[in-house]
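*Asks:* Okay, so here is query-v3.cif, and as you'll see once you scroll down, it has mmCIF, C-alpha atoms (C1' of nucleotides).
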```cif
data_protein
loop_
_atom_site.label_atom_id
_atom_site.label_comp_id
_atom_site.auth_asym_id
_atom_site.auth_seq_id
_atom_site.Cartn_x
_atom_site.Cartn_y
_atom_site.Cartn_z
CA MET B 1 0.00 0.00 0.00
CA GLU B 2 3.04 2.19 0.13
CA ASN B 3 4.80 0.92 -2.94
CA ASP B 4 2.80 2.99 -5.34
CA LYS B 5 5.80 5.18 -5.85
CA THR B 6 7.87 2.48 -7.45
CA ASN B 7 5.92 2.42 -10.65
CA PHE B 8 8.56 4.39 -12.47
CA ASP B 9 11.26 1.80 -12.19
CA SER B 10 9.17 -1.06 -13.42
CA ARG B 11 8.94 0.26 -16.95
CA SER B 12 12.46 -0.63 -17.87
CA LEU B 13 11.79 -4.28 -17.30
CA ASP B 14 8.94 -5.17 -19.57
CA LYS B 15 8.59 -2.20 -21.86
CA THR B 16 9.00 -2.78 -25.53
CA TYR B 17 10.24 0.22 -27.44
CA HIS B 18 9.17 1.02 -30.95
CA ASN B 19 12.27 3.10 -31.26
CA PRO B 20 15.47 3.38 -29.24
CA THR B 21 14.78 7.07 -28.79
CA GLU B 22 11.84 6.16 -26.61
CA ALA B 23 14.12 4.59 -24.07
CA THR B 24 16.07 7.80 -23.80
CA LEU B 25 13.08 10.08 -23.72
CA GLU B 26 11.45 8.09 -21.00
CA ARG B 27 14.40 8.85 -18.77
CA ILE B 28 14.94 12.48 -19.59
CA GLY B 29 11.35 13.25 -20.54
CA GLY B 30 10.22 14.58 -17.19
CA LYS B 31 9.41 18.24 -17.23
CA TRP B 32 12.43 19.24 -15.19
CA LYS B 33 14.81 16.40 -15.82
CA THR B 34 16.82 17.93 -18.61
CA ALA B 35 17.11 21.14 -16.65
CA ILE B 36 18.37 19.21 -13.64
CA LEU B 37 20.84 17.22 -15.68
CA CYS B 38 22.14 20.31 -17.44
CA LEU B 39 22.49 22.11 -14.16
CA LEU B 40 24.45 19.30 -12.56
CA ALA B 41 26.58 19.01 -15.66
CA GLU B 42 27.46 22.67 -15.72
CA GLN B 43 27.55 23.55 -12.05
CA GLY B 44 28.67 20.26 -10.58
CA ALA B 45 27.14 18.68 -7.50
CA GLN B 46 24.29 20.68 -6.05
CA ARG B 47 22.16 20.59 -2.95
CA ASN B 48 18.44 20.19 -3.08
CA GLY B 49 17.81 23.80 -2.20
CA GLU B 50 20.21 24.98 -4.87
CA ILE B 51 18.48 23.02 -7.57
CA MET B 52 15.16 24.27 -6.36
CA ARG B 53 16.24 27.88 -6.62
CA MET B 54 17.79 27.45 -10.03
CA LEU B 55 14.66 25.87 -11.48
CA SER B 56 12.55 28.72 -10.22
CA PRO B 57 8.91 27.70 -10.07
CA VAL B 58 9.33 24.01 -9.39
CA THR B 59 7.76 22.70 -6.22
CA GLN B 60 9.56 20.59 -3.67
CA LYS B 61 7.39 17.59 -4.25
CA VAL B 62 7.82 17.55 -7.99
CA LEU B 63 11.52 18.18 -7.76
CA THR B 64 11.93 15.34 -5.32
CA ARG B 65 10.11 13.02 -7.62
CA GLN B 66 12.17 13.96 -10.63
CA LEU B 67 15.33 13.48 -8.62
CA LYS B 68 14.20 10.11 -7.36
CA GLU B 69 13.40 8.94 -10.83
CA LEU B 70 16.73 10.13 -12.13
CA GLU B 71 18.41 8.34 -9.27
CA ALA B 72 16.44 5.17 -9.90
CA ASP B 73 17.59 5.28 -13.51
CA GLY B 74 21.18 5.58 -12.37
CA LEU B 75 21.67 9.00 -13.90
CA ILE B 76 22.35 10.91 -10.72
CA LEU B 77 23.80 10.05 -7.34
CA ARG B 78 22.15 11.12 -4.10
CA THR B 79 24.36 11.58 -1.10
CA VAL B 80 22.99 12.27 2.35
CA PHE B 81 25.22 13.93 4.92
CA PRO B 82 24.20 12.90 8.43
CA GLU B 83 24.13 16.40 9.77
CA VAL B 84 21.77 18.83 11.38
CA PRO B 85 20.31 20.48 9.47
CA PRO B 86 20.07 17.81 6.79
CA LYS B 87 22.24 18.12 3.73
CA VAL B 88 21.65 16.22 0.52
CA VAL B 89 23.81 16.55 -2.53
CA TYR B 90 23.04 15.40 -6.02
CA GLU B 91 25.59 14.80 -8.74
CA LEU B 92 25.80 13.09 -12.08
CA THR B 93 26.82 9.48 -12.33
CA GLU B 94 28.92 8.18 -15.15
CA SER B 95 25.76 7.25 -16.97
CA GLY B 96 24.44 10.72 -16.32
CA TRP B 97 27.55 12.25 -17.81
CA SER B 98 27.16 10.13 -20.89
CA LEU B 99 23.91 11.97 -21.49
CA ARG B 100 25.80 15.06 -22.48
CA THR B 101 26.00 13.65 -25.99
CA VAL B 102 22.22 13.84 -25.96
CA LEU B 103 21.61 16.98 -23.95
CA ASP B 104 24.02 19.16 -25.86
CA PRO B 105 22.36 18.68 -29.25
CA LEU B 106 18.98 18.93 -27.57
CA CYS B 107 20.00 22.26 -26.14
CA GLU B 108 21.62 23.52 -29.30
CA TRP B 109 18.67 22.70 -31.48
CA GLY B 110 16.27 24.25 -29.01
CA LYS B 111 18.16 27.51 -29.03
CA ARG B 112 18.23 27.62 -32.79
CA PHE B 113 14.57 26.74 -33.11
CA VAL B 114 13.38 29.36 -30.68
CA LYS B 115 15.51 31.95 -32.38
CA ALA B 116 14.20 31.02 -35.81
CA ASP B 117 10.69 30.99 -34.47
CA LYS B 118 10.95 34.54 -33.22
CA SER B 119 12.50 35.81 -36.41
CA VAL B 120 9.45 34.83 -38.44
CA MET I 1 -15.92 27.02 -30.64
CA GLU I 2 -13.95 25.25 -33.29
CA ASN I 3 -10.54 26.62 -32.53
CA ASP I 4 -9.94 24.38 -29.57
CA LYS I 5 -7.69 22.24 -31.66
CA THR I 6 -5.11 24.92 -32.20
CA ASN I 7 -3.83 24.79 -28.70
CA PHE I 8 -0.66 23.03 -29.71
CA ASP I 9 0.66 25.86 -31.83
CA SER I 10 0.05 28.54 -29.27
CA ARG I 11 2.72 27.32 -26.94
CA SER I 12 5.57 28.61 -29.02
CA LEU I 13 4.31 32.14 -28.69
CA ASP I 14 4.12 32.82 -24.99
CA LYS I 15 5.96 29.91 -23.45
CA THR I 16 8.98 30.68 -21.38
CA TYR I 17 11.51 27.92 -21.28
CA HIS I 18 13.60 27.19 -18.24
CA ASN I 19 16.02 25.42 -20.51
CA PRO I 20 16.52 25.34 -24.27
CA THR I 21 16.09 21.59 -24.20
CA GLU I 22 12.47 22.12 -23.30
CA ALA I 23 11.81 23.80 -26.60
CA THR I 24 13.14 20.77 -28.41
CA LEU I 25 11.41 18.21 -26.27
CA GLU I 26 8.10 19.91 -26.68
CA ARG I 27 8.34 19.34 -30.39
CA ILE I 28 9.64 15.80 -30.44
CA GLY I 29 8.17 14.72 -27.13
CA GLY I 30 5.01 13.14 -28.44
CA LYS I 31 4.89 9.41 -27.99
CA TRP I 32 5.33 8.65 -31.67
CA LYS I 33 7.06 11.74 -32.95
CA THR I 34 10.62 10.53 -32.77
CA ALA I 35 9.58 7.30 -34.39
CA ILE I 36 7.89 9.21 -37.20
CA LEU I 37 10.85 11.49 -37.69
CA CYS I 38 13.31 8.64 -37.71
CA LEU I 39 11.17 6.73 -40.16
CA LEU I 40 10.94 9.65 -42.55
CA ALA I 41 14.65 10.28 -42.18
CA GLU I 42 15.59 6.72 -42.97
CA GLN I 43 12.91 5.70 -45.44
CA GLY I 44 12.20 9.00 -47.11
CA ALA I 45 8.71 10.30 -47.84
CA GLN I 46 5.97 7.98 -46.68
CA ARG I 47 2.23 7.74 -47.01
CA ASN I 48 -0.07 7.81 -44.05
CA GLY I 49 -0.83 4.11 -44.31
CA GLU I 50 2.85 3.26 -44.49
CA ILE I 51 3.65 5.16 -41.35
CA MET I 52 0.71 3.56 -39.64
CA ARG I 53 1.92 0.07 -40.48
CA MET I 54 5.49 0.81 -39.45
CA LEU I 55 4.48 2.13 -36.05
CA SER I 56 2.42 -0.95 -35.36
CA PRO I 57 -0.08 -0.28 -32.59
CA VAL I 58 -0.68 3.41 -33.19
CA THR I 59 -4.23 4.46 -33.93
CA GLN I 60 -5.23 6.63 -36.85
CA LYS I 61 -6.40 9.46 -34.68
CA VAL I 62 -3.27 9.66 -32.61
CA LEU I 63 -1.03 9.33 -35.62
CA THR I 64 -2.90 12.10 -37.39
CA ARG I 65 -2.52 14.36 -34.42
CA GLN I 66 1.16 13.74 -34.11
CA LEU I 67 1.59 14.42 -37.80
CA LYS I 68 -0.40 17.62 -37.59
CA GLU I 69 1.65 18.84 -34.70
CA LEU I 70 4.87 18.02 -36.49
CA GLU I 71 3.57 19.85 -39.52
CA ALA I 72 2.50 22.84 -37.45
CA ASP I 73 6.00 22.98 -36.04
CA GLY I 74 7.43 22.98 -39.53
CA LEU I 75 9.23 19.69 -39.09
CA ILE I 76 7.41 17.71 -41.75
CA LEU I 77 5.67 18.57 -44.97
CA ARG I 78 2.25 17.22 -45.82
CA THR I 79 1.40 16.86 -49.47
CA VAL I 80 -2.07 15.88 -50.66
CA PHE I 81 -2.46 14.36 -54.08
CA PRO I 82 -5.89 15.15 -55.49
CA GLU I 83 -6.64 11.60 -56.44
CA VAL I 84 -9.18 8.94 -55.80
CA PRO I 85 -8.51 7.24 -53.52
CA PRO I 86 -6.82 9.99 -51.52
CA LYS I 87 -3.07 9.97 -51.22
CA VAL I 88 -1.16 11.92 -48.63
CA VAL I 89 2.59 11.92 -48.36
CA TYR I 90 4.67 13.12 -45.47
CA GLU I 91 8.30 14.07 -45.66
CA LEU I 92 10.85 15.93 -43.62
CA THR I 93 11.36 19.63 -44.09
CA GLU I 94 14.73 21.24 -43.83
CA SER I 95 14.03 21.96 -40.20
CA GLY I 96 13.01 18.35 -39.75
CA TRP I 97 16.26 17.18 -41.26
CA SER I 98 18.18 19.39 -38.90
CA LEU I 99 16.76 17.29 -36.09
CA ARG I 100 19.01 14.42 -37.03
CA THR I 101 21.68 15.99 -34.88
CA VAL I 102 19.29 15.44 -32.02
CA LEU I 103 17.65 12.19 -32.98
CA ASP I 104 20.85 10.32 -33.69
CA PRO I 105 22.36 10.79 -30.23
CA LEU I 106 18.95 10.15 -28.73
CA CYS I 107 18.82 6.87 -30.56
CA GLU I 108 22.39 5.90 -29.84
CA TRP I 109 22.12 6.54 -26.15
CA GLY I 110 18.84 4.66 -25.96
CA LYS I 111 20.36 1.59 -27.54
CA ARG I 112 23.30 1.65 -25.19
CA PHE I 113 21.14 2.21 -22.14
CA VAL I 114 18.76 -0.62 -22.89
CA LYS I 115 21.66 -2.93 -23.52
CA ALA I 116 23.37 -1.96 -20.30
CA ASP I 117 20.10 -2.32 -18.45
CA LYS I 118 19.64 -5.87 -19.62
CA SER I 119 23.20 -6.86 -18.87
CA VAL I 120 22.72 -6.13 -15.18
"C1'" DC U 1 -7.34 5.81 -48.13
"C1'" DT U 2 -7.25 9.55 -45.00
"C1'" DG U 3 -8.96 12.06 -41.26
"C1'" DG U 4 -12.37 14.07 -37.97
"C1'" DA U 5 -15.47 13.61 -33.64
"C1'" DT U 6 -16.49 11.66 -29.05
"C1'" DC U 7 -15.82 9.73 -24.93
"C1'" DC U 8 -12.67 7.84 -21.62
"C1'" DA U 9 -8.71 6.75 -18.65
"C1'" DC U 10 -4.43 7.43 -17.11
"C1'" DC U 11 -0.35 9.82 -15.77
"C1'" DC U 12 2.05 13.74 -14.67
"C1'" DT U 13 2.35 18.12 -12.74
"C1'" DG U 14 1.15 21.42 -9.30
"C1'" DA U 15 -0.68 23.75 -4.64
"C1'" DT U 16 -0.85 23.28 0.00
"C1'" DA U 17 0.13 21.72 4.51
"C1'" DC U 18 2.80 18.85 7.45
"C1'" DT U 19 6.96 16.06 9.54
"C1'" DG U 20 11.92 14.92 11.06
"C1'" DC C 1 16.89 21.81 4.94
"C1'" DA C 2 14.81 17.87 2.84
"C1'" DG C 3 11.02 15.19 2.03
"C1'" DT C 4 6.07 13.32 2.37
"C1'" DA C 5 0.71 13.22 2.06
"C1'" DT C 6 -3.28 14.52 -0.10
"C1'" DC C 7 -6.08 16.32 -3.52
"C1'" DA C 8 -7.14 18.54 -7.88
"C1'" DG C 9 -6.39 19.81 -12.80
"C1'" DG C 10 -4.73 19.38 -17.51
"C1'" DG C 11 -2.72 17.09 -21.15
"C1'" DT C 12 -2.21 13.11 -23.93
"C1'" DG C 13 -2.86 8.65 -25.64
"C1'" DG C 14 -6.36 5.19 -26.84
"C1'" DA C 15 -10.95 2.80 -28.72
"C1'" DT C 16 -14.65 3.41 -31.51
"C1'" DC C 17 -17.68 5.26 -34.83
"C1'" DC C 18 -18.43 8.32 -38.70
"C1'" DA C 19 -17.26 11.13 -43.17
"C1'" DG C 20 -15.18 12.66 -47.63
#
```
Could I get this file's structure written as structure tokens?

*Replies:*
Amino acid sequence: MENDKTNFDSRSLDKTYHNPTEATLERIGGKWKTAILCLLAEQGAQRNGEIMRMLSPVTQKVLTRQLKELEADGLILRTVFPEVPPKVVYELTESGWSLRTVLDPLCEWGKRFVKADKSV
Amino acid sequence: MENDKTNFDSRSLDKTYHNPTEATLERIGGKWKTAILCLLAEQGAQRNGEIMRMLSPVTQKVLTRQLKELEADGLILRTVFPEVPPKVVYELTESGWSLRTVLDPLCEWGKRFVKADKSV
DNA sequence: CTGGATCCACCCTGATACTG
DNA sequence: CAGTATCAGGGTGGATCCAG
């Protein structure tokens, strides 16, 4: 009755993809995931509060979920420092770093598209 | 009362993106869009029925919507041949072709991830 | 052959309030 | 500071029937 949060890590087991791109998009497709990954890639390890501030209007709950999913997919590493007050740091894993080959073009194309869109 | 279908092309006007990647993902993020784009990139121009068969369990309505959105975003070109029976051909535009720089890494990473996932 | 119209169901996101 | 619980809303995919 409390394992209704683990639905996101069951997809990688039985899912059949029509296209390899689906596998990627399912992992970075969350609304804030690419922003998180880019942030960690550019700024290095960040605390929860830092990420929250950088992503402006994201709520704690949603951010936590995105982070948990990213962690479950092995893209980021979550480290808890046993201190008071609590301190949690997120950073990219090796697999997360390998996403730069995906995120960079994604970012580049987005910038070009938006620019072209405005110039019309 | 009949313009409730144009909601998908209004996002590019007022949307503020937290990250350039969002702009890209919003255009290729549909469930079948990457598959469509990859298909058109690899197989060239295709008819509606062809695409439908290639993407197996997609329904006509959903496929049509994805195609319309891709067309509205200027990624594919829709050509109607005034024949009986009707013949409609979809093909990539220049902008659509430029997406290969995004789709290729997306595809590559997906293949590697799935493979690594299974090898665990 | 191609595409529109409905109705439906699910998932994801978001707002708020609360806990350690 | 970090995370959870609950509830509500919107978007999106899907099944089916209908039309040119």

*Asks:* To one decimal in Å, tell me the separation between atom CA of B:Glu83 and atom CA of B:Leu37.

*Replies:*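 Rounded to one decimal, the two atoms are 25.7 Å apart.
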
*Asks:* With all atoms listed in the file considered, list every residue of chain C at most 12 Å from chain I, as a ChimeraX atom specification.

*Replies:* /C:11-16,20

*Asks:* Could you list, as a list in words, every residue within 12 Å of C:DA5, counting all atoms listed in the file and ignoring same-chain residues fewer than 6 positions away?

*Replies:*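 Surrounding residues, per the criterion: Glu2 and Lys61 of chain B; DT16, DA17, DC18 and DT19 of chain U.
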
*Asks:* Rounded to one decimal, what separation in Å do you get between atom CA of B:Leu106 and atom CA of B:Leu55?

*Replies:*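 Separating atom CA of B:Leu106 from atom CA of B:Leu55 is a distance of 18.0 Å.
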
*Asks:* What gap, in Å, lies between atom C1' of C:DG3 and atom C1' of U:DC10?

*Replies:*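 Answer for the atom C1' of C:DG3 to atom C1' of U:DC10 separation: 25.8 Å.
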
*Asks:* To test your reading of the syntax: which residues would the PyMOL selection byres ((chain I) within 8 of (chain U)) return for the file shown? Reply as an MDAnalysis selection string.

*Replies:* chainID I and resid 48:49 60:61 64 85:88

*Asks:* Select residues of chain I: the criterion is any atom within 8 Å of an atom of chain B, counting only C-alpha atoms; output as a JSON list (two decimals) with C-alpha atoms, in the coordinates of the input.

*Replies:*
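Okay, out_38.json is ready:
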```json
[["chain", "number", "residue", "atom", "x", "y", "z"],
["I", 12, "SER", "CA", 5.57, 28.61, -29.02],
["I", 18, "HIS", "CA", 13.60, 27.19, -18.24],
["I", 19, "ASN", "CA", 16.02, 25.42, -20.51],
["I", 20, "PRO", "CA", 16.52, 25.34, -24.27],
["I", 21, "THR", "CA", 16.09, 21.59, -24.20],
["I", 22, "GLU", "CA", 12.47, 22.12, -23.30],
["I", 23, "ALA", "CA", 11.81, 23.80, -26.60],
["I", 24, "THR", "CA", 13.14, 20.77, -28.41],
["I", 25, "LEU", "CA", 11.41, 18.21, -26.27],
["I", 29, "GLY", "CA", 8.17, 14.72, -27.13],
["I", 31, "LYS", "CA", 4.89, 9.41, -27.99],
["I", 34, "THR", "CA", 10.62, 10.53, -32.77],
["I", 35, "ALA", "CA", 9.58, 7.30, -34.39],
["I", 55, "LEU", "CA", 4.48, 2.13, -36.05],
["I", 99, "LEU", "CA", 16.76, 17.29, -36.09],
["I", 101, "THR", "CA", 21.68, 15.99, -34.88],
["I", 102, "VAL", "CA", 19.29, 15.44, -32.02],
["I", 103, "LEU", "CA", 17.65, 12.19, -32.98],
["I", 105, "PRO", "CA", 22.36, 10.79, -30.23],
["I", 106, "LEU", "CA", 18.95, 10.15, -28.73],
["I", 107, "CYS", "CA", 18.82, 6.87, -30.56],
["I", 108, "GLU", "CA", 22.39, 5.90, -29.84],
["I", 109, "TRP", "CA", 22.12, 6.54, -26.15],
["I", 110, "GLY", "CA", 18.84, 4.66, -25.96],
["I", 111, "LYS", "CA", 20.36, 1.59, -27.54],
["I", 113, "PHE", "CA", 21.14, 2.21, -22.14],
["I", 114, "VAL", "CA", 18.76, -0.62, -22.89],
["I", 117, "ASP", "CA", 20.10, -2.32, -18.45]]
```

*Asks:* Find, counting all atoms listed in the file, the residue in I:Lys68, I:Gly74, I:Phe81, I:Tyr90 that gets nearest to I:Glu50.

*Replies:*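 Nearest candidate to I:Glu50 out of I:Lys68, I:Gly74, I:Phe81, I:Tyr90: I:Tyr90.
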